[in-house]
>>> print(open('run_24.cif').read())   # mmCIF, C-alpha atoms
data_final
#
loop_
_atom_site.group_PDB
_atom_site.id
_atom_site.type_symbol
_atom_site.label_atom_id
_atom_site.label_comp_id
_atom_site.auth_asym_id
_atom_site.auth_seq_id
_atom_site.Cartn_x
_atom_site.Cartn_y
_atom_site.Cartn_z
ATOM 1 C CA MET Z 1476 -62.621 -38.035 4.184
ATOM 2 C CA HIS Z 1477 -65.525 -36.781 2.043
ATOM 3 C CA THR Z 1478 -69.017 -38.162 2.240
ATOM 4 C CA SER Z 1479 -70.845 -39.869 -0.565
ATOM 5 C CA GLY Z 1480 -72.987 -37.135 -1.990
ATOM 6 C CA GLY Z 1481 -71.692 -34.761 0.680
ATOM 7 C CA SER Z 1482 -70.854 -31.111 0.311
ATOM 8 C CA ALA Z 1483 -67.641 -29.617 -1.006
ATOM 9 C CA ALA Z 1484 -66.978 -28.230 2.487
ATOM 10 C CA THR Z 1485 -66.745 -31.689 4.018
ATOM 11 C CA ARG Z 1486 -64.393 -32.826 1.256
ATOM 12 C CA ILE Z 1487 -62.141 -29.796 1.666
ATOM 13 C CA CYS Z 1488 -62.041 -30.121 5.455
ATOM 14 C CA GLY Z 1489 -61.437 -33.848 5.257
ATOM 15 C CA TRP Z 1490 -58.560 -33.604 2.830
ATOM 16 C CA GLY Z 1491 -57.150 -30.624 4.710
ATOM 17 C CA MET Z 1492 -57.092 -32.720 7.877
ATOM 18 C CA VAL Z 1493 -55.320 -35.605 6.127
ATOM 19 C CA VAL Z 1494 -52.777 -33.441 4.312
ATOM 20 C CA SER Z 1495 -51.856 -31.297 7.306
ATOM 21 C CA ALA Z 1496 -51.578 -34.364 9.558
ATOM 22 C CA GLY Z 1497 -49.348 -36.059 6.994
ATOM 23 C CA ALA Z 1498 -47.200 -32.947 6.723
ATOM 24 C CA ALA Z 1499 -46.837 -32.808 10.520
ATOM 25 C CA VAL Z 1500 -45.709 -36.437 10.544
ATOM 26 C CA GLY Z 1501 -43.236 -35.715 7.740
ATOM 27 C CA CYS Z 1502 -41.774 -32.722 9.575
ATOM 28 C CA SER Z 1503 -41.349 -34.800 12.717
ATOM 29 C CA LEU Z 1504 -39.613 -37.633 10.848
ATOM 30 C CA THR Z 1505 -37.217 -35.294 9.043
ATOM 31 C CA GLY Z 1506 -36.454 -33.159 12.096
ATOM 32 C CA VAL Z 1507 -37.527 -29.819 10.603
ATOM 33 C CA SER Z 1508 -37.532 -28.308 14.098
ATOM 34 C CA PRO Z 1509 -34.371 -29.695 15.780
ATOM 35 C CA TYR Z 1510 -35.361 -28.675 19.303
ATOM 36 C CA PRO Z 1511 -38.334 -27.145 21.174
ATOM 37 C CA PRO Z 1512 -40.531 -25.432 20.364
ATOM 38 C CA LEU Z 1513 -41.403 -27.774 17.498
ATOM 39 C CA ALA Z 1514 -43.019 -24.903 15.625
ATOM 40 C CA ALA Z 1515 -43.638 -26.479 12.216
ATOM 41 C CA GLU Z 1516 -44.929 -29.743 13.653
ATOM 42 C CA LEU Z 1517 -47.225 -28.006 16.134
ATOM 43 C CA ALA Z 1518 -48.593 -25.598 13.509
ATOM 44 C CA LEU Z 1519 -49.425 -28.421 11.109
ATOM 45 C CA ALA Z 1520 -50.861 -30.642 13.844
ATOM 46 C CA GLY Z 1521 -52.970 -27.708 15.055
ATOM 47 C CA ALA Z 1522 -54.189 -27.103 11.506
ATOM 48 C CA SER Z 1523 -55.140 -30.780 11.258
ATOM 49 C CA ALA Z 1524 -57.117 -30.515 14.509
ATOM 50 C CA LEU Z 1525 -58.933 -27.412 13.223
ATOM 51 C CA PHE Z 1526 -59.758 -29.145 9.943
ATOM 52 C CA ALA Z 1527 -61.061 -32.118 11.935
ATOM 53 C CA VAL Z 1528 -63.386 -29.856 13.924
ATOM 54 C CA ALA Z 1529 -64.511 -28.126 10.730
ATOM 55 C CA TRP Z 1530 -65.136 -31.526 9.096
ATOM 56 C CA VAL Z 1531 -67.326 -32.602 12.020
ATOM 57 C CA VAL Z 1532 -69.276 -29.323 11.950
ATOM 58 C CA ALA Z 1533 -69.716 -29.420 8.166
ATOM 59 C CA SER Z 1534 -70.815 -33.064 8.340
ATOM 60 C CA CYS Z 1535 -73.388 -32.308 11.033
ATOM 61 C CA ARG Z 1536 -74.767 -29.270 9.178
ATOM 62 C CA ARG Z 1537 -75.233 -30.960 5.817
ATOM 63 C CA PRO Z 1538 -78.703 -32.312 4.885
ATOM 64 C CA ARG Z 1539 -79.393 -35.588 6.629
ATOM 65 C CA GLU Z 1540 -79.134 -38.652 4.407
ATOM 66 C CA PRO Z 1541 -80.486 -42.123 5.106
ATOM 67 C CA ASP Z 1542 -77.944 -44.280 6.953
ATOM 68 C CA HIS Z 1543 -77.479 -47.322 4.751
ATOM 69 C CA PHE Z 1544 -75.204 -48.962 7.279
ATOM 70 C CA ALA Z 1545 -76.741 -48.556 10.715
ATOM 71 C CA ASP Z 1546 -79.150 -51.490 10.515
ATOM 72 C CA ARG Z 1547 -77.254 -53.594 8.020
ATOM 73 C CA PRO Z 1548 -76.459 -57.037 9.463
ATOM 74 C CA ARG Z 1549 -72.794 -57.842 9.797
ATOM 75 C CA LYS Z 1550 -71.540 -60.509 7.471
ATOM 76 C CA PRO Z 1551 -69.279 -63.216 8.828
ATOM 77 C CA ARG Z 1552 -65.608 -62.536 8.386
ATOM 78 C CA GLY Z 1553 -64.199 -64.251 5.344
ATOM 79 C CA PRO Z 1554 -60.821 -65.975 5.187
ATOM 80 C CA ARG Z 1555 -59.045 -62.897 3.853
ATOM 81 C CA GLY Z 1556 -60.357 -60.598 6.559
ATOM 82 C CA VAL Z 1557 -59.819 -62.864 9.547
ATOM 83 C CA GLY Z 1558 -58.432 -60.789 12.389
ATOM 84 C CA GLY Z 1559 -57.632 -57.978 9.950
ATOM 85 C CA PHE Z 1560 -58.667 -54.399 9.386
ATOM 86 C CA GLY Z 1561 -60.128 -55.023 5.944
ATOM 87 C CA ARG Z 1562 -63.681 -55.686 7.071
ATOM 88 C CA PHE Z 1563 -64.426 -52.510 9.057
ATOM 89 C CA GLY Z 1564 -67.821 -54.097 9.693
ATOM 90 C CA GLY Z 1565 -68.779 -53.900 6.007
ATOM 91 C CA SER Z 1566 -68.724 -55.795 2.768
ATOM 92 C CA ARG Z 1567 -67.347 -54.664 -0.508
ATOM 93 C CA GLY Z 1568 -70.719 -54.206 -2.117
ATOM 94 C CA ALA Z 1569 -72.447 -52.326 0.692
ATOM 95 C CA GLY Z 1570 -69.472 -50.170 1.579
ATOM 96 C CA GLY Z 1571 -68.335 -49.377 -1.932
ATOM 97 C CA SER Z 1572 -69.899 -47.778 -4.924
ATOM 98 C CA GLY Z 1573 -72.722 -50.312 -5.011
ATOM 99 C CA GLY Z 1574 -74.116 -49.448 -1.544
ATOM 100 C CA LEU Z 1575 -75.054 -45.859 -2.381
ATOM 101 C CA ARG Z 1576 -76.446 -44.994 -5.769
ATOM 102 C CA GLY Z 1577 -74.431 -42.336 -7.512
ATOM 103 C CA SER Z 1578 -71.570 -42.418 -5.040
ATOM 104 C CA ARG Z 1579 -67.981 -42.213 -6.125
ATOM 105 C CA GLY Z 1580 -65.954 -45.353 -6.451
ATOM 106 C CA PRO Z 1581 -63.424 -46.114 -3.719
ATOM 107 C CA ASN Z 1582 -60.044 -44.434 -3.995
ATOM 108 C CA PRO Z 1583 -57.349 -47.140 -4.364
ATOM 109 C CA ALA Z 1584 -54.914 -44.974 -2.386
ATOM 110 C CA LEU Z 1585 -56.938 -45.285 0.820
ATOM 111 C CA PRO Z 1586 -55.319 -48.532 2.055
ATOM 112 C CA TYR Z 1587 -51.894 -46.950 1.610
ATOM 113 C CA VAL Z 1588 -52.917 -43.773 3.419
ATOM 114 C CA PHE Z 1589 -54.343 -45.691 6.379
ATOM 115 C CA GLY Z 1590 -51.830 -48.560 6.507
ATOM 116 C CA PHE Z 1591 -48.598 -46.629 6.167
ATOM 117 C CA GLY Z 1592 -50.069 -43.496 7.758
ATOM 118 C CA ILE Z 1593 -50.706 -45.289 11.049
ATOM 119 C CA ALA Z 1594 -47.209 -46.806 11.054
ATOM 120 C CA LEU Z 1595 -45.475 -43.514 10.242
ATOM 121 C CA ALA Z 1596 -47.571 -41.526 12.731
ATOM 122 C CA THR Z 1597 -46.609 -43.987 15.459
ATOM 123 C CA ILE Z 1598 -42.863 -43.693 14.845
ATOM 124 C CA ALA Z 1599 -43.134 -39.900 14.420
ATOM 125 C CA ALA Z 1600 -44.724 -39.590 17.864
ATOM 126 C CA PHE Z 1601 -42.122 -41.958 19.304
ATOM 127 C CA LEU Z 1602 -39.235 -39.893 17.872
ATOM 128 C CA VAL Z 1603 -40.451 -36.821 19.762
ATOM 129 C CA ILE Z 1604 -39.173 -38.579 22.902
ATOM 130 C CA PHE Z 1605 -35.598 -38.063 21.669
ATOM 131 C CA THR Z 1606 -35.941 -34.343 20.973
ATOM 132 C CA PRO Z 1607 -32.968 -32.560 22.581
ATOM 133 C CA SER Z 1608 -33.508 -29.682 24.961
ATOM 134 C CA THR Z 1609 -33.561 -26.104 23.729
ATOM 135 C CA GLU Z 1610 -30.339 -25.389 25.615
ATOM 136 C CA ARG Z 1611 -28.590 -28.344 23.999
ATOM 137 C CA GLY Z 1612 -29.917 -27.484 20.548
ATOM 138 C CA ARG Z 1613 -28.811 -23.860 20.743
ATOM 139 C CA TRP Z 1614 -25.374 -24.945 22.013
ATOM 140 C CA GLU Z 1615 -24.947 -27.295 19.065
ATOM 141 C CA GLU Z 1616 -25.989 -24.556 16.646
ATOM 142 C CA ARG Z 1617 -23.434 -22.200 18.183
ATOM 143 C CA MET Z 1618 -20.699 -24.835 17.950
ATOM 144 C CA LEU Z 1619 -21.467 -25.548 14.299
ATOM 145 C CA ALA Z 1620 -21.509 -21.816 13.515
ATOM 146 C CA ALA Z 1621 -18.058 -21.557 15.138
ATOM 147 C CA GLY Z 1622 -16.644 -24.211 12.802
ATOM 148 C CA TYR Z 1623 -16.990 -27.317 14.964
ATOM 149 C CA GLY Z 1624 -15.273 -30.327 13.433
ATOM 150 C CA GLU Z 1625 -12.337 -32.740 13.550
ATOM 151 C CA PHE Z 1626 -8.805 -31.315 13.501
ATOM 152 C CA GLU Z 1627 -5.258 -32.667 13.845
ATOM 153 C CA VAL Z 1628 -3.379 -31.090 16.773
ATOM 154 C CA PRO Z 1629 0.070 -31.788 18.314
ATOM 155 C CA VAL Z 1630 0.634 -33.436 21.680
ATOM 156 C CA VAL Z 1631 2.627 -31.071 23.921
ATOM 157 C CA ARG Z 1632 3.167 -33.466 26.818
ATOM 158 C CA VAL Z 1633 1.742 -36.492 28.535
ATOM 159 C CA SER Z 1634 -0.384 -35.966 31.640
ATOM 160 C CA GLY Z 1635 -0.111 -38.940 33.996
ATOM 161 C CA GLU Z 1636 0.743 -42.561 33.264
ATOM 162 C CA PRO Z 1637 -0.675 -44.316 30.182
ATOM 163 C CA GLU Z 1638 -3.159 -47.113 30.831
ATOM 164 C CA PHE Z 1639 -2.618 -50.387 29.000
ATOM 165 C CA VAL Z 1640 -5.712 -52.416 28.133
ATOM 166 C CA PRO Z 1641 -4.776 -56.025 27.304
ATOM 167 C CA GLU Z 1642 -6.267 -57.986 24.460
ATOM 168 C CA GLY Z 1643 -9.674 -59.441 25.250
ATOM 169 C CA GLN Z 1644 -12.292 -61.543 23.595
ATOM 170 C CA ASP Z 1645 -13.854 -58.532 21.895
ATOM 171 C CA ASN Z 1646 -10.881 -56.191 21.513
ATOM 172 C CA ASP Z 1647 -7.209 -55.932 20.594
ATOM 173 C CA ALA Z 1648 -4.681 -54.501 23.039
ATOM 174 C CA TYR Z 1649 -4.545 -50.680 23.191
ATOM 175 C CA HIS Z 1650 -3.388 -47.735 25.307
ATOM 176 C CA LEU Z 1651 -5.312 -44.847 26.879
ATOM 177 C CA THR Z 1652 -3.263 -41.730 27.562
ATOM 178 C CA ASP Z 1653 -4.128 -38.358 29.119
ATOM 179 C CA VAL Z 1654 -2.354 -35.768 26.979
ATOM 180 C CA VAL Z 1655 -1.986 -31.994 26.761
ATOM 181 C CA VAL Z 1656 -2.586 -30.726 23.217
ATOM 182 C CA ARG Z 1657 -2.114 -27.304 21.644
ATOM 183 C CA VAL Z 1658 -5.431 -26.191 20.172
ATOM 184 C CA PRO Z 1659 -5.361 -23.411 17.521
ATOM 185 C CA PHE Z 1660 -8.458 -21.427 18.520
ATOM 186 C CA ALA Z 1661 -9.219 -18.341 16.423
ATOM 187 C CA ALA Z 1662 -8.504 -16.145 19.459
ATOM 188 C CA GLY Z 1663 -5.091 -17.769 19.890
ATOM 189 C CA PRO Z 1664 -3.621 -21.221 20.648
ATOM 190 C CA ARG Z 1665 -4.384 -22.772 24.001
ATOM 191 C CA GLU Z 1666 -3.171 -25.912 25.768
ATOM 192 C CA VAL Z 1667 -5.953 -28.288 26.774
ATOM 193 C CA VAL Z 1668 -5.940 -31.630 28.566
ATOM 194 C CA VAL Z 1669 -7.685 -34.444 26.693
ATOM 195 C CA GLU Z 1670 -8.260 -37.530 28.781
ATOM 196 C CA GLY Z 1671 -8.106 -41.121 27.583
ATOM 197 C CA MET Z 1672 -6.752 -40.632 24.060
ATOM 198 C CA TYR Z 1673 -6.665 -43.961 22.245
ATOM 199 C CA SER Z 1674 -3.555 -45.403 20.601
ATOM 200 C CA ALA Z 1675 -3.081 -48.946 19.369
ATOM 201 C CA THR Z 1676 0.530 -50.071 19.527
ATOM 202 C CA GLU Z 1677 2.385 -47.520 21.693
ATOM 203 C CA PRO Z 1678 1.335 -44.862 24.230
ATOM 204 C CA LEU Z 1679 1.130 -41.347 22.854
ATOM 205 C CA ALA Z 1680 4.257 -39.200 23.243
ATOM 206 C CA PRO Z 1681 5.044 -35.472 22.831
ATOM 207 C CA GLY Z 1682 5.146 -34.461 19.174
ATOM 208 C CA ALA Z 1683 2.504 -36.959 18.041
ATOM 209 C CA GLU Z 1684 -0.441 -35.699 16.019
ATOM 210 C CA VAL Z 1685 -3.904 -36.625 17.301
ATOM 211 C CA ALA Z 1686 -7.414 -35.973 15.959
ATOM 212 C CA VAL Z 1687 -9.731 -34.035 18.252
ATOM 213 C CA TYR Z 1688 -13.073 -32.279 17.895
ATOM 214 C CA PHE Z 1689 -13.544 -28.605 18.758
ATOM 215 C CA ALA Z 1690 -14.864 -25.299 17.389
ATOM 216 C CA PRO Z 1691 -12.051 -22.897 16.426
ATOM 217 C CA GLY Z 1692 -14.327 -19.850 16.730
ATOM 218 C CA ALA Z 1693 -15.545 -20.705 20.261
ATOM 219 C CA PRO Z 1694 -12.896 -20.443 23.010
ATOM 220 C CA ASP Z 1695 -15.199 -22.296 25.410
ATOM 221 C CA SER Z 1696 -15.573 -25.192 23.014
ATOM 222 C CA PRO Z 1697 -14.894 -28.629 24.538
ATOM 223 C CA VAL Z 1698 -11.902 -30.473 23.092
ATOM 224 C CA THR Z 1699 -12.654 -34.175 22.901
ATOM 225 C CA GLU Z 1700 -11.592 -37.313 21.070
ATOM 226 C CA HIS Z 1701 -15.181 -38.072 20.035
ATOM 227 C CA ASP Z 1702 -17.767 -35.932 18.281
ATOM 228 C CA GLN Z 1703 -19.954 -34.236 20.903
ATOM 229 C CA VAL Z 1704 -22.318 -32.407 18.562
ATOM 230 C CA GLU Z 1705 -23.768 -34.951 16.153
ATOM 231 C CA GLU Z 1706 -22.903 -38.336 17.607
ATOM 232 C CA ASP Z 1707 -26.270 -38.737 19.359
ATOM 233 C CA ALA Z 1708 -28.150 -37.905 16.154
ATOM 234 C CA LEU Z 1709 -25.972 -40.254 14.115
ATOM 235 C CA PHE Z 1710 -26.522 -43.047 16.618
ATOM 236 C CA LEU Z 1711 -30.276 -42.464 16.514
ATOM 237 C CA ASP Z 1712 -30.247 -42.465 12.689
ATOM 238 C CA PHE Z 1713 -28.277 -45.725 12.674
ATOM 239 C CA ALA Z 1714 -30.573 -47.344 15.228
ATOM 240 C CA LEU Z 1715 -33.643 -46.273 13.259
ATOM 241 C CA ALA Z 1716 -32.209 -47.551 9.976
ATOM 242 C CA VAL Z 1717 -31.319 -50.956 11.428
ATOM 243 C CA TRP Z 1718 -34.010 -51.662 14.038
ATOM 244 C CA VAL Z 1719 -37.002 -49.411 13.408
ATOM 245 C CA TRP Z 1720 -37.598 -48.559 9.734
ATOM 246 C CA PRO Z 1721 -37.717 -52.191 8.519
ATOM 247 C CA TRP Z 1722 -40.446 -52.936 11.060
ATOM 248 C CA ILE Z 1723 -42.329 -49.773 10.094
ATOM 249 C CA VAL Z 1724 -42.324 -50.898 6.458
ATOM 250 C CA ILE Z 1725 -43.421 -54.399 7.457
ATOM 251 C CA ALA Z 1726 -46.213 -53.022 9.664
ATOM 252 C CA GLY Z 1727 -47.388 -50.730 6.867
ATOM 253 C CA VAL Z 1728 -47.429 -53.556 4.340
ATOM 254 C CA ILE Z 1729 -49.344 -55.858 6.706
ATOM 255 C CA MET Z 1730 -51.969 -53.233 7.584
ATOM 256 C CA LYS Z 1731 -52.351 -52.201 3.949
ATOM 257 C CA SER Z 1732 -52.854 -55.818 2.905
ATOM 258 C CA GLN Z 1733 -55.700 -56.184 5.449
ATOM 259 C CA MET Z 1734 -57.534 -53.099 4.216
ATOM 260 C CA GLU Z 1735 -59.823 -52.852 1.220
ATOM 261 C CA ALA Z 1736 -60.524 -49.556 -0.486
ATOM 262 C CA SER Z 1737 -64.236 -50.376 -0.706
ATOM 263 C CA ASP Z 1738 -64.428 -50.929 3.059
ATOM 264 C CA LEU Z 1739 -62.478 -47.778 3.837
ATOM 265 C CA HIS Z 1740 -64.613 -45.736 1.451
ATOM 266 C CA ARG Z 1741 -67.651 -45.908 3.740
ATOM 267 C CA LEU Z 1742 -65.615 -44.474 6.616
ATOM 268 C CA ARG Z 1743 -65.534 -41.166 4.787
ATOM 269 C CA ARG Z 1744 -69.191 -40.700 5.719
ATOM 270 C CA PHE Z 1745 -69.262 -39.070 9.145
ATOM 271 C CA ARG Z 1746 -70.783 -41.202 11.889
ATOM 272 C CA PRO Z 1747 -70.532 -39.740 15.415
ATOM 273 C CA VAL Z 1748 -70.255 -43.066 17.198
ATOM 274 C CA VAL Z 1749 -67.270 -44.010 15.012
ATOM 275 C CA HIS Z 1750 -65.428 -40.795 14.300
ATOM 276 C CA LEU Z 1751 -65.851 -38.655 17.414
ATOM 277 C CA PRO Z 1752 -64.122 -41.116 19.801
ATOM 278 C CA ALA Z 1753 -61.385 -41.767 17.224
ATOM 279 C CA LEU Z 1754 -60.742 -38.047 16.801
ATOM 280 C CA GLY Z 1755 -60.792 -37.663 20.587
ATOM 281 C CA ILE Z 1756 -58.083 -40.324 20.929
ATOM 282 C CA LEU Z 1757 -55.928 -38.602 18.315
ATOM 283 C CA PHE Z 1758 -56.452 -35.229 19.985
ATOM 284 C CA ALA Z 1759 -55.412 -36.751 23.325
ATOM 285 C CA GLY Z 1760 -52.235 -38.011 21.641
ATOM 286 C CA LEU Z 1761 -51.496 -34.508 20.394
ATOM 287 C CA VAL Z 1762 -51.962 -33.120 23.910
ATOM 288 C CA LEU Z 1763 -49.621 -35.781 25.318
ATOM 289 C CA LEU Z 1764 -46.902 -34.642 22.901
ATOM 290 C CA LEU Z 1765 -47.051 -31.020 24.058
ATOM 291 C CA PRO Z 1766 -44.712 -31.390 27.095
ATOM 292 C CA MET Z 1767 -41.842 -32.522 24.847
ATOM 293 C CA ALA Z 1768 -42.792 -30.242 21.957
ATOM 294 C CA LEU Z 1769 -42.915 -27.129 24.174
ATOM 295 C CA GLU Z 1770 -40.387 -28.306 26.796
ATOM 296 C CA PHE Z 1771 -42.353 -28.313 30.026
ATOM 297 C CA ARG Z 1772 -43.118 -31.020 32.559
ATOM 298 C CA VAL Z 1773 -46.421 -32.309 33.843
ATOM 299 C CA ALA Z 1774 -46.159 -33.877 37.312
ATOM 300 C CA GLY Z 1775 -42.432 -34.211 36.671
ATOM 301 C CA TYR Z 1776 -42.804 -36.041 33.336
ATOM 302 C CA ASP Z 1777 -42.312 -35.075 29.719
ATOM 303 C CA GLN Z 1778 -40.989 -38.173 27.913
ATOM 304 C CA LEU Z 1779 -43.590 -40.515 29.427
ATOM 305 C CA PRO Z 1780 -46.578 -38.623 27.945
ATOM 306 C CA ALA Z 1781 -44.838 -38.638 24.543
ATOM 307 C CA PHE Z 1782 -44.311 -42.388 24.840
ATOM 308 C CA LEU Z 1783 -48.001 -42.891 25.621
ATOM 309 C CA ALA Z 1784 -48.917 -40.657 22.661
ATOM 310 C CA SER Z 1785 -47.181 -43.054 20.271
ATOM 311 C CA PHE Z 1786 -49.937 -45.614 20.924
ATOM 312 C CA THR Z 1787 -52.856 -43.307 20.072
ATOM 313 C CA PRO Z 1788 -52.839 -43.779 16.240
ATOM 314 C CA ALA Z 1789 -53.208 -47.539 16.658
ATOM 315 C CA LEU Z 1790 -55.817 -47.071 19.409
ATOM 316 C CA ALA Z 1791 -57.867 -44.749 17.180
ATOM 317 C CA LEU Z 1792 -57.761 -47.269 14.343
ATOM 318 C CA THR Z 1793 -58.726 -50.061 16.720
ATOM 319 C CA TRP Z 1794 -61.759 -48.068 17.853
ATOM 320 C CA VAL Z 1795 -62.810 -47.463 14.244
ATOM 321 C CA VAL Z 1796 -62.549 -51.188 13.509
ATOM 322 C CA ARG Z 1797 -64.564 -52.125 16.576
ATOM 323 C CA ALA Z 1798 -67.228 -49.455 16.157
ATOM 324 C CA SER Z 1799 -67.805 -49.882 12.418
#
>>> encode(input="run_24.cif", output="structure tokens")
Amino acid sequence: MHTSGGSAATRICGWGMVVSAGAAVGCSLTGVSPYPPLAAELALAGASALFAVAWVVASCRRPREPDHFADRPRKPRGPRGVGGFGRFGGSRGAGGSGGLRGSRGPNPALPYVFGFGIALATIAAFLVIFTPSTERGRWEERMLAAGYGEFEVPVVRVSGEPEFVPEGQDNDAYHLTDVVVRVPFAAGPREVVVEGMYSATEPLAPGAEVAVYFAPGAPDSPVTEHDQVEEDALFLDFALAVWVWPWIVIAGVIMKSQMEASDLHRLRRFRPVVHLPALGILFAGLVLLLPMALEFRVAGYDQLPAFLASFTPALALTWVVRAS
């Protein structure tokens, strides 16, 4: 985000904004902060906002240069740029190194930064919706610290009558049985009722060994047939791998293919009518993420603002395309 012939301050602020924003997106995607407050993500996003403000101030304070683009007539969109982002209102010659004497050539990484950056920022904002509560996160941490996992325990007795589920179109026949199991907690064994234990051929009977999940070091740990600590995260990871990430890659490839480094190069020169609204949209997206990131509600909502925030990267890019 430096300007052609601009000062070192604008270059530093511009790259600082890009790097810190990218780091915030990376922290959100990898779940560095598992539950609110999302400290790392907020710190990096805040640093990006500060760099953006500094970039605007440094750009406004630098010596005024002639605007080679303001009165330049728009060229008709060619076949390659039809409906795409690659034009940005400019041609390769005027927007690239040929438009400004002595300017740097376009960085070939720019289409990748913009194309995949928009796609990744969108999914990162969307994932904030699924951030667990602080209470839930701390409970899971306590369970894991107490040794939560899967263990084999004996059935002491059957509680109630087993339920037989006949074979159906999507399942084989099986039994569900409420059983009392002896759980070896660290403080001493305890008998616990586990409802609806699955068995295939025969109902469970006293003396059978069954697999349950619990934390030996936490006497108040739930004893269940299914994992209660990581199953939601595993399901989300599976859903992302199957349904989301392929589309993110496809979206990034499509946007990158519609962008030309020479066209993007001219966007590094600050223009208030282009950049201020775009930065305002991105800042609004950051504000919309705060209820989930800091765990508070606005008018009874927290997930809805985060959902709306996921659209702001694309909206900012759309504004840049329209205004350039």
>>> residues_around(input="run_24.cif", residues="Pro1512 (chain Z)", least_positions_apart="6", cutoff="9 Å", atoms="only C-alpha atoms", output="number ranges by chain")
Z: 1609, 1767-1770
>>> closest_residue(input="run_24.cif", among="Z:Val1669, Z:Ala1753, Z:Ala1522, Z:Ala1774", to="Val1698 (chain Z)", atoms="all atoms listed in the file")
Z:Val1669
>>> resolve_selection(input="run_24.cif", expression="the PyMOL selection byres ((chain Z and resi 1668) around 8)", output="VMD selection string")
chain Z and resid 1634 1653 to 1656 1666 to 1667 1669 to 1670
>>> atom_distance(input="run_24.cif", atom1="CA of Leu1585 (chain Z)", atom2="CA of Gly1755 (chain Z)")
21.5 Å
>>> resolve_selection(input="run_24.cif", expression="the PyMOL selection byres ((chain Z and resi 1649) around 12)", output="list in words")
Pro1637, Glu1638, Phe1639, Val1640, Pro1641, Glu1642, Gly1643, Asn1646, Asp1647, Ala1648, His1650, Leu1651, Thr1652, Gly1671, Met1672, Tyr1673, Ser1674, Ala1675, Thr1676, Glu1677, Pro1678 and Leu1679 of chain Z
>>> residues_near_point(input="run_24.cif", point="(-53.2, -37.3, 6.7)", cutoff="10 Å", atoms="all atoms listed in the file", output="mmCIF file with C-alpha atoms, keeping the file's coordinate frame")
data_model
loop_
_atom_site.group_PDB
_atom_site.id
_atom_site.type_symbol
_atom_site.label_atom_id
_atom_site.label_comp_id
_atom_site.auth_asym_id
_atom_site.auth_seq_id
_atom_site.Cartn_x
_atom_site.Cartn_y
_atom_site.Cartn_z
ATOM 1 C CA MET Z 1476 -62.621 -38.035 4.184
ATOM 2 C CA GLY Z 1489 -61.437 -33.848 5.257
ATOM 3 C CA TRP Z 1490 -58.560 -33.604 2.830
ATOM 4 C CA GLY Z 1491 -57.150 -30.624 4.710
ATOM 5 C CA MET Z 1492 -57.092 -32.720 7.877
ATOM 6 C CA VAL Z 1493 -55.320 -35.605 6.127
ATOM 7 C CA VAL Z 1494 -52.777 -33.441 4.312
ATOM 8 C CA SER Z 1495 -51.856 -31.297 7.306
ATOM 9 C CA ALA Z 1496 -51.578 -34.364 9.558
ATOM 10 C CA GLY Z 1497 -49.348 -36.059 6.994
ATOM 11 C CA ALA Z 1498 -47.200 -32.947 6.723
ATOM 12 C CA ALA Z 1499 -46.837 -32.808 10.520
ATOM 13 C CA VAL Z 1500 -45.709 -36.437 10.544
ATOM 14 C CA SER Z 1523 -55.140 -30.780 11.258
ATOM 15 C CA VAL Z 1588 -52.917 -43.773 3.419
ATOM 16 C CA PHE Z 1589 -54.343 -45.691 6.379
ATOM 17 C CA GLY Z 1592 -50.069 -43.496 7.758
ATOM 18 C CA ILE Z 1593 -50.706 -45.289 11.049
ATOM 19 C CA ALA Z 1596 -47.571 -41.526 12.731
#
>>> atom_distance(input="run_24.cif", atom1="CA of Arg1486 (chain Z)", atom2="CA of Ala1791 (chain Z)")
20.9 Å
>>> axis_aligned_box(input="run_24.cif", around="region 1738-1745 of chain Z", padding_each_side="5 Å", output="lines of an AutoDock Vina configuration file")
center_x = -65.9
center_y = -45.0
center_z = 5.3
size_x = 16.8
size_y = 21.9
size_z = 17.7
>>> resolve_selection(input="run_24.cif", expression="the PyMOL selection byres ((chain Z and resi 1620) around 12)", output="PyMOL selection string")
chain Z and resi 1613-1619+1621-1624+1689-1693+1696+1704
>>> closest_residue(input="run_24.cif", among="Z:Leu1742, Z:Ala1661, Z:Ala1527, Z:Val1685", to="Val1630 (chain Z)", atoms="only C-alpha atoms")
Z:Val1685
>>> atom_distance(input="run_24.cif", atom1="CA of Val1603 (chain Z)", atom2="CA of Leu1517 (chain Z)")
11.7 Å
>>> closest_residue(input="run_24.cif", among="Z:Val1687, Z:Leu1764, Z:Val1773, Z:Val1795", to="Leu1751 (chain Z)", atoms="only C-alpha atoms")
Z:Val1795
>>> closest_residue(input="run_24.cif", among="Z:Leu1757, Z:Ala1594, Z:Val1762, Z:Leu1792", to="Ala1726 (chain Z)", atoms="only C-alpha atoms")
Z:Ala1594
>>> closest_residue(input="run_24.cif", among="Z:Val1631, Z:Ala1520, Z:Ala1484, Z:Ser1508", to="Leu1765 (chain Z)", atoms="all atoms listed in the file")
Z:Ala1520
>>> residues_around(input="run_24.cif", residues="Lys1731 (chain Z)", least_positions_apart="4", cutoff="6 Å", atoms="all atoms listed in the file", output="ChimeraX atom specification")
/Z:1586-1587,1590,1727
>>> closest_residue(input="run_24.cif", among="Z:Ala1483, Z:Leu1504, Z:Ile1723, Z:Cys1535", to="Phe1745 (chain Z)", atoms="all atoms listed in the file")
Z:Cys1535
